[in-house]
$ cat query.txt   # compact mmCIF, C-alpha atoms
# COMPACT_ATOMS: atom_id res chain seq x y z
CA MET A 12 -30.48 25.83 -23.42
CA LEU A 13 -29.11 25.90 -19.85
CA ALA A 14 -30.92 22.68 -19.02
CA ALA A 15 -29.36 20.97 -22.03
CA VAL A 16 -25.87 22.15 -21.05
CA LEU A 17 -26.37 20.92 -17.47
CA ALA A 18 -27.66 17.58 -18.74
CA TRP A 19 -24.68 17.09 -21.06
CA ALA A 20 -22.21 18.17 -18.36
CA GLY A 21 -23.70 16.00 -15.63
CA LEU A 22 -24.22 12.87 -17.70
CA GLY A 23 -20.89 13.38 -19.46
CA TRP A 24 -19.01 13.49 -16.16
CA TRP A 25 -20.94 10.46 -14.91
CA ALA A 26 -20.02 8.49 -18.04
CA PHE A 27 -16.37 9.58 -17.81
CA THR A 28 -16.02 8.57 -14.17
CA MET A 29 -17.83 5.27 -14.68
CA MET A 30 -15.41 4.52 -17.51
CA ILE A 31 -12.45 5.24 -15.20
CA GLN A 32 -13.94 2.94 -12.57
CA TRP A 33 -14.24 -0.02 -14.93
CA LEU A 34 -11.02 0.70 -16.81
CA SER A 35 -9.06 0.80 -13.55
CA ALA A 36 -10.54 -2.57 -12.58
CA ALA A 37 -9.72 -4.06 -15.97
CA LEU A 38 -6.13 -2.82 -15.92
CA ALA A 39 -5.60 -3.90 -12.32
CA ARG A 40 -6.81 -7.42 -13.09
CA ARG A 41 -4.09 -7.88 -15.70
CA ARG A 42 -1.14 -9.99 -14.66
CA ARG A 43 2.17 -9.81 -16.47
CA ALA A 44 3.53 -12.96 -18.05
CA ALA A 45 6.20 -14.45 -15.80
CA ALA A 46 8.58 -17.38 -16.02
CA PRO A 47 8.24 -20.27 -13.56
CA PRO A 48 9.86 -19.46 -10.18
CA GLN A 49 13.55 -20.39 -10.03
CA HIS A 50 14.69 -19.09 -6.65
CA ALA A 51 15.09 -21.25 -3.57
CA ALA A 52 14.43 -20.16 0.00
CA ALA A 53 18.18 -19.81 0.57
CA ASP A 54 18.28 -16.98 -1.97
CA PHE A 55 16.29 -14.60 0.26
CA SER A 56 17.12 -12.23 3.09
CA ILE A 57 13.93 -11.00 4.78
CA VAL A 58 14.21 -7.72 6.68
CA ALA A 59 11.28 -7.42 9.10
CA PRO A 60 11.09 -4.17 11.11
CA LEU A 61 8.96 -4.20 14.27
CA ALA A 62 7.92 -1.40 16.62
CA GLY A 63 5.75 -2.35 19.57
CA ARG A 64 3.87 -5.43 20.69
CA SER A 65 1.14 -5.08 18.06
CA ASP A 66 3.65 -5.48 15.22
CA ALA A 67 4.89 -8.80 16.61
CA SER A 68 1.69 -10.81 16.40
CA HIS A 69 2.03 -14.54 17.03
CA ASP A 70 0.88 -15.50 13.53
CA TYR A 71 3.31 -13.08 11.87
CA ILE A 72 6.33 -14.23 13.88
CA CYS A 73 5.43 -17.85 13.24
CA ALA A 74 5.28 -17.11 9.51
CA LEU A 75 8.79 -15.62 9.69
CA GLU A 76 10.02 -18.64 11.64
CA GLN A 77 8.57 -20.93 8.99
CA LEU A 78 10.47 -19.05 6.28
CA SER A 79 13.64 -19.38 8.34
CA ARG A 80 13.10 -23.11 8.72
CA ARG A 81 12.74 -23.36 4.94
CA GLY A 82 16.18 -21.79 4.53
CA ALA A 83 15.58 -18.04 4.19
CA GLU A 84 17.62 -15.53 6.18
CA VAL A 85 15.25 -13.63 8.51
CA LEU A 86 16.46 -10.39 10.12
CA ILE A 87 14.02 -8.95 12.66
CA CYS A 88 14.79 -5.30 13.35
CA VAL A 89 13.92 -3.43 16.56
CA ALA A 90 15.02 0.11 17.35
CA GLY A 91 15.71 -0.26 21.09
CA GLU A 92 16.16 -2.86 23.80
CA GLY A 93 13.12 -1.60 25.69
CA ASP A 94 10.74 -2.26 22.80
CA ASP A 95 7.90 -4.61 23.78
CA ALA A 96 8.24 -6.33 20.42
CA ILE A 97 11.33 -8.21 21.64
CA GLU A 98 9.48 -10.01 24.44
CA GLN A 99 6.62 -10.80 22.08
CA VAL A 100 8.98 -12.22 19.46
CA ARG A 101 10.81 -14.36 22.01
CA ALA A 102 7.51 -15.77 23.25
CA SER A 103 6.66 -17.03 19.77
CA TRP A 104 10.16 -17.79 18.46
CA PRO A 105 12.83 -18.03 21.19
CA ALA A 106 15.74 -18.34 18.77
CA ALA A 107 14.66 -15.49 16.48
CA PRO A 108 17.55 -13.39 15.08
CA ILE A 109 16.88 -9.85 16.34
CA LEU A 110 18.90 -6.79 15.37
CA ILE A 111 18.75 -3.86 17.79
CA GLY A 112 19.82 -0.32 16.97
CA SER A 113 18.64 2.89 15.36
CA ASP A 114 19.88 5.54 12.96
CA ASP A 115 19.12 9.25 13.27
CA THR A 116 17.19 10.35 10.19
CA PHE A 117 13.73 11.87 9.67
CA ASN A 118 12.21 8.41 9.06
CA PRO A 119 11.80 6.16 12.16
CA LYS A 120 11.04 3.12 10.05
CA MET A 121 14.24 3.44 8.03
CA ASN A 122 16.20 4.18 11.21
CA ASN A 123 15.12 0.71 12.27
CA VAL A 124 15.63 -0.91 8.86
CA ARG A 125 19.14 0.15 7.87
CA LYS A 126 20.96 -2.38 10.05
CA GLY A 127 18.89 -5.15 8.46
CA LEU A 128 19.66 -4.02 4.93
CA GLU A 129 23.37 -3.94 5.73
CA ALA A 130 23.32 -7.34 7.45
CA ALA A 131 21.45 -9.05 4.58
CA SER A 132 23.76 -11.58 2.94
CA ARG A 133 21.55 -13.31 0.36
CA PRO A 134 21.27 -12.20 -3.29
CA VAL A 135 17.57 -11.18 -3.05
CA VAL A 136 16.45 -8.87 -0.23
CA VAL A 137 12.83 -8.50 0.87
CA LEU A 138 11.69 -5.63 3.07
CA CYS A 139 8.47 -6.82 4.66
CA ASP A 140 5.83 -4.74 6.45
CA ALA A 141 4.80 -5.95 9.90
CA GLY A 142 1.83 -8.30 9.88
CA VAL A 143 2.03 -9.26 6.21
CA ALA A 144 1.88 -13.05 6.05
CA VAL A 145 4.42 -13.52 3.28
CA THR A 146 4.88 -17.09 2.10
CA LEU A 147 7.80 -18.64 0.27
CA ASP A 148 5.61 -18.91 -2.81
CA ASP A 149 4.96 -15.16 -2.65
CA LEU A 150 8.70 -14.49 -2.49
CA ARG A 151 9.59 -16.83 -5.33
CA ARG A 152 6.92 -15.47 -7.66
CA ALA A 153 7.90 -11.86 -6.97
CA ALA A 154 11.63 -12.53 -7.44
CA THR A 155 10.93 -14.17 -10.79
CA GLU A 156 9.95 -10.75 -12.15
CA LEU A 157 13.35 -9.21 -11.34
CA SER A 158 15.64 -8.78 -14.35
CA ASP A 159 18.26 -6.51 -15.90
CA LYS A 160 15.42 -4.11 -16.74
CA VAL A 161 13.24 -4.58 -13.65
CA GLY A 162 15.16 -3.59 -10.54
CA LEU A 163 12.40 -3.78 -7.96
CA VAL A 164 9.12 -5.62 -7.48
CA LEU A 165 6.54 -4.66 -4.89
CA GLY A 166 3.91 -7.02 -3.58
CA LEU A 167 0.93 -4.96 -2.44
CA LYS A 168 -0.55 -6.21 0.81
CA ALA A 169 -4.16 -7.33 0.77
CA GLY A 170 -6.32 -6.89 3.87
CA TRP A 171 -7.62 -10.29 4.97
CA LEU A 172 -10.00 -11.73 7.57
CA PRO A 173 -11.53 -8.53 8.99
CA ALA A 174 -13.23 -9.24 12.32
CA ASN A 175 -15.33 -6.08 12.71
CA PHE A 176 -16.70 -3.28 10.55
CA ALA A 177 -13.75 -0.93 11.18
CA ALA A 178 -11.44 -3.69 9.91
CA GLU A 179 -13.74 -4.18 6.92
CA LEU A 180 -13.42 -0.47 6.20
CA GLU A 181 -9.62 -0.76 6.30
CA CYS A 182 -9.84 -3.59 3.78
CA ALA A 183 -12.06 -1.41 1.60
CA TYR A 184 -9.35 1.26 1.56
CA ILE A 185 -6.41 -1.12 1.08
CA ASN A 186 -7.95 -3.58 -1.37
CA GLY A 187 -10.79 -2.11 -3.36
CA HIS A 188 -9.44 1.42 -3.70
CA GLN A 189 -5.68 1.72 -3.21
CA ALA A 190 -4.60 -1.60 -4.70
CA ARG A 191 -6.94 -1.21 -7.66
CA PHE A 192 -5.73 2.25 -8.64
CA LEU A 193 -2.08 1.51 -7.90
CA LEU A 194 -2.11 -1.64 -10.01
CA ALA A 195 -3.90 0.16 -12.83
CA ALA A 196 -1.36 3.00 -12.76
CA ASP A 197 1.49 0.50 -12.68
CA ARG A 198 0.16 -1.30 -15.74
CA LEU A 199 0.26 2.09 -17.50
CA GLY A 200 3.93 2.46 -16.60
CA MET A 201 3.59 5.03 -13.82
CA PRO A 202 5.92 4.96 -10.76
CA VAL A 203 3.72 3.87 -7.86
CA ALA A 204 4.37 2.26 -4.49
CA SER A 205 2.71 1.09 -1.32
CA GLY A 206 3.38 -1.14 1.65
CA GLY A 207 3.55 -4.93 1.65
CA MET A 208 6.80 -6.48 0.52
CA THR A 209 9.60 -4.79 -1.43
CA VAL A 210 11.81 -7.19 -3.39
CA PHE A 211 15.14 -6.27 -4.97
CA ALA A 212 18.60 -7.67 -5.65
CA ARG A 213 21.14 -6.82 -2.95
CA ASP A 214 23.78 -5.67 -5.46
CA VAL A 215 21.27 -3.43 -7.25
CA LEU A 216 20.43 -1.66 -3.98
CA ALA A 217 24.15 -1.04 -3.43
CA GLU A 218 24.40 0.51 -6.90
CA ILE A 219 21.74 3.14 -6.15
CA GLY A 220 23.04 4.19 -2.74
CA GLY A 221 21.98 1.51 -0.30
CA HIS A 222 19.61 2.64 2.46
CA GLN A 223 19.80 6.26 1.25
CA ALA A 224 17.65 5.24 -1.72
CA PHE A 225 14.73 4.98 0.73
CA LEU A 226 15.24 8.52 2.06
CA ASN A 227 15.11 10.78 -1.01
CA TYR A 228 11.37 11.38 -0.63
CA ILE A 229 9.23 11.64 2.47
CA ALA A 230 7.65 8.20 1.80
CA ASP A 231 10.26 5.43 1.85
CA ASP A 232 8.39 3.07 -0.50
CA TYR A 233 7.89 5.81 -3.10
CA SER A 234 11.49 6.93 -2.63
CA ILE A 235 13.00 3.56 -3.52
CA VAL A 236 10.76 3.34 -6.59
CA ARG A 237 11.73 6.79 -7.89
CA THR A 238 15.41 6.31 -7.06
CA MET A 239 15.50 2.95 -8.82
CA ARG A 240 13.99 4.51 -11.93
CA ASP A 241 15.83 7.85 -11.90
CA ARG A 242 19.29 6.73 -10.80
CA GLY A 243 19.35 3.01 -11.32
CA GLY A 244 18.09 3.07 -14.89
CA ARG A 245 15.71 0.20 -14.15
CA THR A 246 11.94 0.11 -14.04
CA THR A 247 9.84 -1.01 -11.08
CA TRP A 248 6.77 -3.22 -11.05
CA LEU A 249 3.89 -4.06 -8.81
CA GLY A 250 4.04 -7.83 -8.81
CA ASN A 251 1.40 -10.36 -9.72
CA THR A 252 1.10 -11.52 -6.13
CA MET A 253 -0.66 -9.76 -3.24
CA PRO A 254 0.43 -11.22 0.12
CA HIS A 255 -2.30 -11.32 2.75
CA MET A 256 -2.31 -9.18 5.89
CA PRO A 257 -4.79 -10.53 8.47
CA VAL A 258 -6.37 -7.41 9.98
CA GLY A 259 -8.49 -8.92 12.77
CA HIS A 260 -10.14 -6.25 14.95
CA ARG A 261 -9.50 -2.59 14.24
CA LYS A 262 -10.46 0.62 16.02
CA TRP A 263 -12.22 3.18 13.87
CA SER A 264 -9.88 5.93 15.11
CA ASP A 265 -6.78 3.93 14.14
CA VAL A 266 -8.12 3.19 10.66
CA TRP A 267 -9.03 6.83 10.07
CA ARG A 268 -5.69 8.17 11.32
CA ARG A 269 -3.80 5.83 9.00
CA GLN A 270 -5.81 6.93 5.99
CA VAL A 271 -5.35 10.61 6.83
CA ARG A 272 -1.61 10.09 7.30
CA TRP A 273 -1.23 8.26 3.98
CA ALA A 274 -3.30 10.89 2.18
CA SER A 275 -1.24 13.70 3.76
CA THR A 276 1.94 11.92 2.68
CA ARG A 277 0.74 11.77 -0.92
CA LEU A 278 0.15 15.53 -0.78
CA ASN A 279 3.83 15.94 0.17
CA LEU A 280 5.19 13.95 -2.77
CA THR A 281 5.65 15.08 -6.37
CA ARG A 282 3.32 17.48 -8.17
CA GLU A 283 1.86 14.62 -10.23
CA VAL A 284 1.02 12.54 -7.16
CA ARG A 285 -0.45 15.58 -5.41
CA MET A 286 -2.70 16.37 -8.36
CA LEU A 287 -3.96 12.79 -8.50
CA ALA A 288 -4.71 12.90 -4.77
CA LEU A 289 -6.65 16.14 -5.16
CA LEU A 290 -8.57 14.68 -8.12
CA ASP A 291 -9.69 11.62 -6.16
CA PRO A 292 -13.02 13.04 -4.86
CA ALA A 293 -14.02 14.32 -8.31
CA ILE A 294 -13.86 10.86 -9.87
CA GLY A 295 -15.42 8.99 -6.94
CA TRP A 296 -18.81 7.38 -6.48
CA LEU A 297 -20.32 10.33 -4.63
CA VAL A 298 -19.51 13.08 -7.14
CA SER A 299 -20.15 10.79 -10.10
CA GLY A 300 -23.62 9.86 -8.81
CA ALA A 301 -24.43 13.48 -7.97
CA ALA A 302 -23.39 14.60 -11.45
CA GLY A 303 -25.51 11.93 -13.08
CA ALA A 304 -28.51 12.76 -10.90
CA ALA A 305 -28.15 16.47 -11.73
CA GLY A 306 -28.01 15.64 -15.42
CA LEU A 307 -31.17 13.56 -15.22
CA ALA A 308 -32.95 16.26 -13.23
CA SER A 309 -32.07 18.75 -15.98
CA LEU A 310 -33.80 16.43 -18.44
CA GLY A 311 -36.96 16.53 -16.33
CA TRP A 312 -36.70 13.15 -14.61
CA GLY A 313 -38.74 12.84 -11.41
CA PRO A 314 -37.38 11.99 -7.92
CA GLU A 315 -38.39 8.33 -8.04
CA SER A 316 -36.76 7.77 -11.42
CA ILE A 317 -33.60 9.54 -10.30
CA ALA A 318 -33.49 7.45 -7.12
CA LEU A 319 -33.67 4.26 -9.19
CA ALA A 320 -30.93 5.59 -11.47
CA VAL A 321 -28.71 6.29 -8.44
CA LEU A 322 -29.24 2.73 -7.23
CA ALA A 323 -28.29 1.41 -10.67
CA HIS A 324 -25.25 3.69 -10.66
CA SER A 325 -24.17 2.32 -7.27
CA ALA A 326 -24.62 -1.30 -8.34
CA ALA A 327 -22.56 -0.77 -11.48
CA TRP A 328 -19.90 1.21 -9.61
CA PHE A 329 -19.21 -1.32 -6.90
CA ALA A 330 -19.57 -4.27 -9.28
CA ALA A 331 -16.35 -3.05 -10.92
CA GLU A 332 -14.62 -3.19 -7.54
CA ALA A 333 -15.97 -6.68 -6.86
CA TRP A 334 -14.77 -7.80 -10.31
CA PHE A 335 -11.25 -6.59 -9.56
CA LEU A 336 -11.14 -8.24 -6.13
CA ALA A 337 -12.35 -11.55 -7.54
CA ALA A 338 -9.27 -11.72 -9.77
CA TYR A 339 -7.09 -11.85 -6.63
CA GLY A 340 -9.32 -14.17 -4.65
CA LEU A 341 -10.48 -11.44 -2.28
CA PRO A 342 -14.09 -11.61 -1.02
CA PHE A 343 -16.64 -8.84 -1.50
CA GLY A 344 -19.70 -9.71 0.53
CA PRO A 345 -22.52 -7.49 1.84
CA ARG A 346 -20.39 -6.04 4.65
CA ALA A 347 -17.62 -5.21 2.17
CA TRP A 348 -20.17 -3.44 -0.06
CA ALA A 349 -21.33 -1.38 2.94
CA ALA A 350 -17.74 -0.53 3.87
CA SER A 351 -17.03 0.62 0.32
CA VAL A 352 -20.07 2.92 0.40
CA VAL A 353 -18.84 4.42 3.69
CA ARG A 354 -15.34 4.84 2.25
CA GLU A 355 -16.64 6.64 -0.83
CA THR A 356 -18.94 8.87 1.22
CA LEU A 357 -15.99 9.97 3.38
CA VAL A 358 -13.67 10.83 0.47
CA PRO A 359 -14.22 14.62 0.67
CA VAL A 360 -13.80 14.58 4.48
CA LEU A 361 -10.59 12.58 4.16
CA LEU A 362 -9.13 15.00 1.63
CA VAL A 363 -9.95 18.04 3.78
CA GLN A 364 -8.34 16.51 6.87
CA ALA A 365 -5.32 15.35 4.86
CA TRP A 366 -4.85 18.81 3.37
CA ARG A 367 -5.10 20.47 6.79
CA GLY A 368 -2.62 17.96 8.24
CA ARG A 369 -0.11 17.90 5.40
CA ARG A 370 2.35 20.14 7.33
CA ARG A 371 2.59 17.67 10.21
CA ILE A 372 2.53 13.95 9.55
CA ASP A 373 2.77 11.98 12.77
CA TRP A 374 4.20 8.48 12.55
CA ARG A 375 4.37 6.86 15.98
CA GLY A 376 5.27 10.12 17.71
CA THR A 377 7.60 11.52 15.04
CA ASP A 378 6.70 14.42 12.75
CA LEU A 379 8.01 13.29 9.37
CA VAL A 380 7.52 16.69 7.72
CA ALA A 381 9.48 18.64 10.33
CA GLY A 382 12.41 16.22 10.26
CA TRP A 383 12.57 15.46 6.55
CA ARG A 384 16.20 15.93 5.55
CA PRO A 385 19.10 13.90 4.03
CA ALA A 386 19.94 10.89 6.16
CA GLY A 387 22.93 10.88 8.49
CA ASP A 388 25.34 8.05 9.19
CA GLY A 389 23.76 6.90 12.43
CA ALA A 390 24.39 3.70 14.38
CA SER A 391 24.61 0.29 12.81
CA GLY A 392 22.88 -1.87 15.43
CA ARG A 393 23.82 -5.30 16.68
CA TYR A 394 22.52 -8.80 17.21
CA VAL A 395 21.03 -9.98 20.48
$ encode --input "query.txt" --output "structure tokens"
Amino acid sequence: MLAAVLAWAGLGWWAFTMMIQWLSAALARRRRAAAPPQHAAADFSIVAPLAGRSDASHDYICALEQLSRRGAEVLICVAGEGDDAIEQVRASWPAAPILIGSDDTFNPKMNNVRKGLEAASRPVVVLCDAGVAVTLDDLRRAATELSDKVGLVLGLKAGWLPANFAAELECAYINGHQARFLLAADRLGMPVASGGMTVFARDVLAEIGGHQAFLNYIADDYSIVRTMRDRGGRTTWLGNTMPHMPVGHRKWSDVWRRQVRWASTRLNLTREVRMLALLDPAIGWLVSGAAGAAGLASLGWGPESIALAVLAHSAAWFAAEAWFLAAYGLPFGPRAWAASVVRETLVPVLLVQAWRGRRRIDWRGTDLVAGWRPAGDGASGRYV
């Protein structure tokens, strides 16, 4: 009797989690119907915050310069005159428009961004993460989805061109896991957000409180999504386009710290987000495979048969991820498969570290948790 119960429980959980894996891939592959792009480059203000030399890569600054040459308004934001990003920007684009100045809120990124949001003069504003190689086509397709009902469109960044295994692992987190589940949740109507590019109408942002709309939750991207829905009366979408972020070489320690910080941030958001974050290990490859193996062992299967079943489970599991990535033109070769296995194996470790670190979230030397409070007026910045 006990063996039968264990078999049903183990195989039942395996089947349930495998269904979630494939259903998330199927939902995330779906693109919403959209009208042909109508906006011109002159319709866009691009706010590009930078902090440090690494943010101002040559390729990224050249991409911003190209958008400026096409007619877009580009506003590069730097918090202080001593920031190394300024020299790096000038080396790649001598005439770049740089805004310098900082507010005094709990969020260093938004302290840097506010002056850009207020200086933006075009009807469509795009807040762009450093390093994301946004093209004019990306902007035009995302802006097409804005409407009286849709107040904000986010373009999730896609990791691209990893040069070492640590970078491949970062792509496995960003592309195969986060983007897949976020897109699937979005297609179900849930409020979700992540970095990349954030596209909205300038007058709509003013209606919901301007820069303060980014500061109502500890994560600025999630804050603007919830504020747009709760106060603006408009929905938010993850767009059909995923702009590429060339990742190049990465250090393992940097990749791991970013994932722990993002996971800790999710644990500091709403109860629903926290519960989903805590559920993540239970529906992952590792627990799913272990449950299935336990179920088969309860039925009397031998070690060799179980080992073959686990291999089949792994092939089916990661095939769903590859299927999703193919829809967005993202590769999933042998190294990507290996990185995904490593990512899934580390899920319990990541959750434990994120839970232990949820009371202090360090972002470039600032503890976001300790300083989280309503934003002040701060300084407005200036051009140089």
$ closest_residue --input "query.txt" --among "A:Asp95, A:Glu332, A:Glu218, A:Asp149" --to "Phe192 (chain A)" --atoms "all atoms listed in the file"
A:Glu332
$ atom_distance --input "query.txt" --atom1 "CA of Tyr71 (chain A)" --atom2 "CA of Gly142 (chain A)"
5.4 Å
$ residues_near_point --input "query.txt" --point "(18.0, -5.2, 3.8)" --cutoff "8 Å" --atoms "only C-alpha atoms" --output "list of chain:residue names"
A:Ser56, A:Ile57, A:Val58, A:Val124, A:Arg125, A:Lys126, A:Gly127, A:Leu128, A:Glu129, A:Ala130, A:Ala131, A:Val136, A:Val137, A:Leu138, A:Arg213
$ closest_residue --input "query.txt" --among "A:Leu290, A:Val85, A:Leu226, A:Met253" --to "Ala338 (chain A)" --atoms "all atoms listed in the file"
A:Met253
$ closest_residue --input "query.txt" --among "A:Gly23, A:Gly340, A:Gly170, A:Pro60" --to "His188 (chain A)" --atoms "all atoms listed in the file"
A:Gly170
